[in-house]
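Student: Starting off with a structure, shown below.
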Amino acid sequence: MSGKQDSAVGEQLSPSPGKRKKSDEPESRLAMVRRARRINRELAEVFPYAHPELDFRNPFELLIATVLSAQTTDLRVNQTTPALFAKYPTPEDLAAAVPEDVEELIRPTGFFRAKTKSIMGLSAVIRDDFGGEVPGRLKDLVTLPGVGRKTAFVVLGNAFGVPGITVDTHFQRLVRRWKWTDQEDPVKIETEIAAIFPKSEWTMLSHRVIFHGRRICHARKPACGACPITHLCPSYGEGETDPEKARKLLKYEMGGYPGQRLSPPPDYPGKPAPALGPTG
């Protein structure tokens, strides 16, 4: 990042510990909703460039990339899909592929045999039942092999402009840390969070929360001392509170490193990720 961008990020990541308040009184539903919406607004200022971190050019590519992203990083998927889409650009092409050839192409993403079965199977259903076009409705998407609600909402929100909440592992972790819900089941989490925010906010809320989880509020060691929303977080102190030590935990553009996309949006302040090397 440029010095100007580093400075801007530094200003955004300057927490205000003095504003943080602790209380023994239970938080009311209304107070929680107000705090949740304020977190969303402040994250929008920290991550104005939040976006899906999978490279894609159309709904089919996003659908395949999202299925491949299970149990691996978006970066590894982005490094793998260019060769896959070059050889199989349409559902018809992928449905008619030789499974062993597909397995070899997607091997770096892990679980490549099961993923091959899913992406070839969903391609065949799209070809046979949806005229070769990825459907734009939730009830249709979840009928495709390997596609659940999380994958469906990624596709709907980012390829079709249909609002949806993406409850991935980062989202689940943060909404519980922020005491927006105590649910464990993803569908119940989705329902409770949807009741807090206007529908128009659902897709971008998902991006912001996931961005925050990947960059700052990590699973094992949150960078509490470098977090810009400490004054709104009831779980402050679960991670590293020393500002200098916390800054060393920041990931991606917050730490001055490349993001996960090889082809990031024009307004992304970080560097493009590297292509897959010869060693895989």
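If you're wondering about the labels, chains in the structure tokens are A, B, ... by order shown, residues count from 1 in each chain, ligands from 1 in order shown.
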What's the 10 Å shell around Phe56 of chain A, counting only C-alpha atoms, without same-chain residues fewer than 5 positions away, as a list in words?
Tutor: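 Result of the neighbour search: Glu61, Leu62, Leu63, Ile64, Ala65, Thr66, Asn78, Thr81, Pro82, Phe85, Asn158, Ala159, Arg261 and Ser263 of chain A.
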Student: Extract, using only C-alpha atoms, all DNA, RNA and protein residues at most 9 Å from Pro274 of chain A, discarding same-chain residues fewer than 5 positions from it, and format them as a PyMOL selection string.
Tutor: chain A and resi 75+79+258+260-262
Student: For atom CA of Asn40 of chain A and atom CA of Lys179 of chain A, determine how far apart the two atoms are, in Å to one decimal place.
Tutor: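 Answer for the atom CA of Asn40 of chain A to atom CA of Lys179 of chain A separation: 13.8 Å.
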Student: Which residues are near segment 245-253 of chain A? Cut-off 9 Å, only C-alpha atoms, ignore same chain within fewer than 5 positions. Put them as a ChimeraX atom specification.
Tutor: /A:1,6,9,13,214-218,221-227,239-240,258-260,268-271
Student: Tell me, as a PDB file with C-alpha atoms, in the first residue's frame, which residues lie within 12 Å of segment 122-131 of chain A, counting only C-alpha atoms; anything in the same chain fewer than 6 positions away does not count.
Tutor:
```pdb
ATOM      1  CA  PRO A  59     -22.870 -16.165 -11.890  1.00  0.00           C
ATOM      2  CA  PHE A  60     -21.580 -19.569 -13.023  1.00  0.00           C
ATOM      3  CA  GLU A  61     -17.991 -18.733 -12.101  1.00  0.00           C
ATOM      4  CA  LEU A  63     -21.148 -20.471  -8.013  1.00  0.00           C
ATOM      5  CA  ILE A  64     -18.303 -22.850  -8.865  1.00  0.00           C
ATOM      6  CA  VAL A  67     -18.419 -24.476  -3.882  1.00  0.00           C
ATOM      7  CA  TYR A  88     -14.687 -25.342 -18.990  1.00  0.00           C
ATOM      8  CA  PRO A  89     -16.258 -21.886 -19.348  1.00  0.00           C
ATOM      9  CA  THR A  90     -19.919 -22.990 -19.301  1.00  0.00           C
ATOM     10  CA  PRO A  91     -22.111 -25.452 -17.398  1.00  0.00           C
ATOM     11  CA  GLU A  92     -22.405 -27.519 -20.573  1.00  0.00           C
ATOM     12  CA  ASP A  93     -18.629 -27.776 -20.838  1.00  0.00           C
ATOM     13  CA  LEU A  94     -18.105 -28.761 -17.213  1.00  0.00           C
ATOM     14  CA  ALA A  95     -20.996 -31.235 -17.161  1.00  0.00           C
ATOM     15  CA  ALA A  96     -19.443 -33.093 -20.107  1.00  0.00           C
ATOM     16  CA  ALA A  97     -15.892 -33.119 -18.718  1.00  0.00           C
ATOM     17  CA  LYS A 115     -15.841 -31.173  -5.149  1.00  0.00           C
ATOM     18  CA  THR A 116     -15.546 -32.550  -8.679  1.00  0.00           C
ATOM     19  CA  ARG A 137     -33.820 -17.830  -6.816  1.00  0.00           C
ATOM     20  CA  ASP A 140     -33.746 -23.245  -7.087  1.00  0.00           C
ATOM     21  CA  LEU A 141     -30.120 -22.769  -6.072  1.00  0.00           C
ATOM     22  CA  VAL A 142     -30.381 -25.003  -3.010  1.00  0.00           C
ATOM     23  CA  THR A 143     -31.556 -27.882  -5.198  1.00  0.00           C
ATOM     24  CA  LEU A 144     -28.157 -27.974  -6.911  1.00  0.00           C
ATOM     25  CA  PRO A 145     -25.615 -30.575  -5.733  1.00  0.00           C
ATOM     26  CA  GLY A 146     -23.221 -29.131  -3.146  1.00  0.00           C
ATOM     27  CA  VAL A 147     -25.159 -25.867  -2.759  1.00  0.00           C
ATOM     28  CA  GLY A 148     -26.550 -24.839   0.624  1.00  0.00           C
TER      29      GLY A 148
END
```
Student: Tell me, in Å to one decimal, how far atom CA of Glu184 of chain A is from atom CA of Val167 of chain A.
Tutor: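 Straight-line distance from atom CA of Glu184 of chain A to atom CA of Val167 of chain A works out to 10.8 Å.
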Student: Using only C-alpha atoms, which residue out of A:His212, A:Arg34, A:Arg41, A:Arg57 lies closest to Val155 of chain A?
Tutor: A:Arg57
Student: Please determine, counting only C-alpha atoms, which residue among A:Ile165, A:Ile193, A:Leu43, A:Leu205 has the shortest atom-to-atom distance to Thr230 of chain A.
Tutor: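 Going through A:Ile165, A:Ile193, A:Leu43, A:Leu205 one by one, the smallest distance to Thr230 of chain A is for A:Leu43.
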Student: Tell me, which residues of segment 128-252 of chain A carry DSSP alpha helix (DSSP H), written as number ranges by chain?
Tutor: A: 128-129, 138-141, 149-159, 169-177, 186-194, 202-215, 243-247
Student: Could you pull the residues within 8 Å of Ala50 of chain A, counting only C-alpha atoms, minus those fewer than 6 positions along the same chain, as a PyMOL selection string?
Tutor: chain A and resi 204+207-208+211
Student: Ranking A:Gly161, A:Phe47, A:Ala195, A:Gly132 by minimum distance to Thr181 of chain A and counting only C-alpha atoms, which one comes first?
Tutor: A:Ala195
Student: Would you mind listing what lies within 8 Å of Ala219 of chain A as an NGL selection string, with only C-alpha atoms counted and same-chain residues fewer than 5 positions away left out?
Tutor: :A and (170 or 173 or 213)
Student: Could you write out that same residue set with N, CA, C and O atoms as a compact mmCIF listing (two decimals), in the first residue's frame?
Tutor:
```txt
# COMPACT_ATOMS: atom_id res chain seq x y z
N HIS A 170 -16.51 -17.03 9.89
CA HIS A 170 -16.16 -15.71 10.41
C HIS A 170 -17.40 -15.00 10.92
O HIS A 170 -17.40 -14.41 12.01
N ARG A 173 -18.67 -16.46 14.19
CA ARG A 173 -17.80 -16.13 15.32
C ARG A 173 -18.04 -14.71 15.80
O ARG A 173 -18.19 -14.45 16.99
N GLY A 213 -13.51 -10.12 10.37
CA GLY A 213 -13.08 -11.40 10.94
C GLY A 213 -11.79 -11.91 10.34
O GLY A 213 -10.96 -12.49 11.05
```
Student: Taking only C-alpha atoms into account, which of A:Ser235, A:Ile189, A:Leu276, A:Trp178 comes nearest Val33 of chain A?
Tutor: A:Trp178
Student: One number please: atom CA of Thr73 of chain A to atom CA of Thr109 of chain A, in Å, one decimal.
Tutor: 8.0 Å
Student: List the spatial neighbours of Glu192 of chain A as a PyMOL selection string - criterion: any atom at most 9 Å away, only C-alpha atoms, same-chain residues fewer than 5 positions off excluded.
Tutor: chain A and resi 180-181+183+187
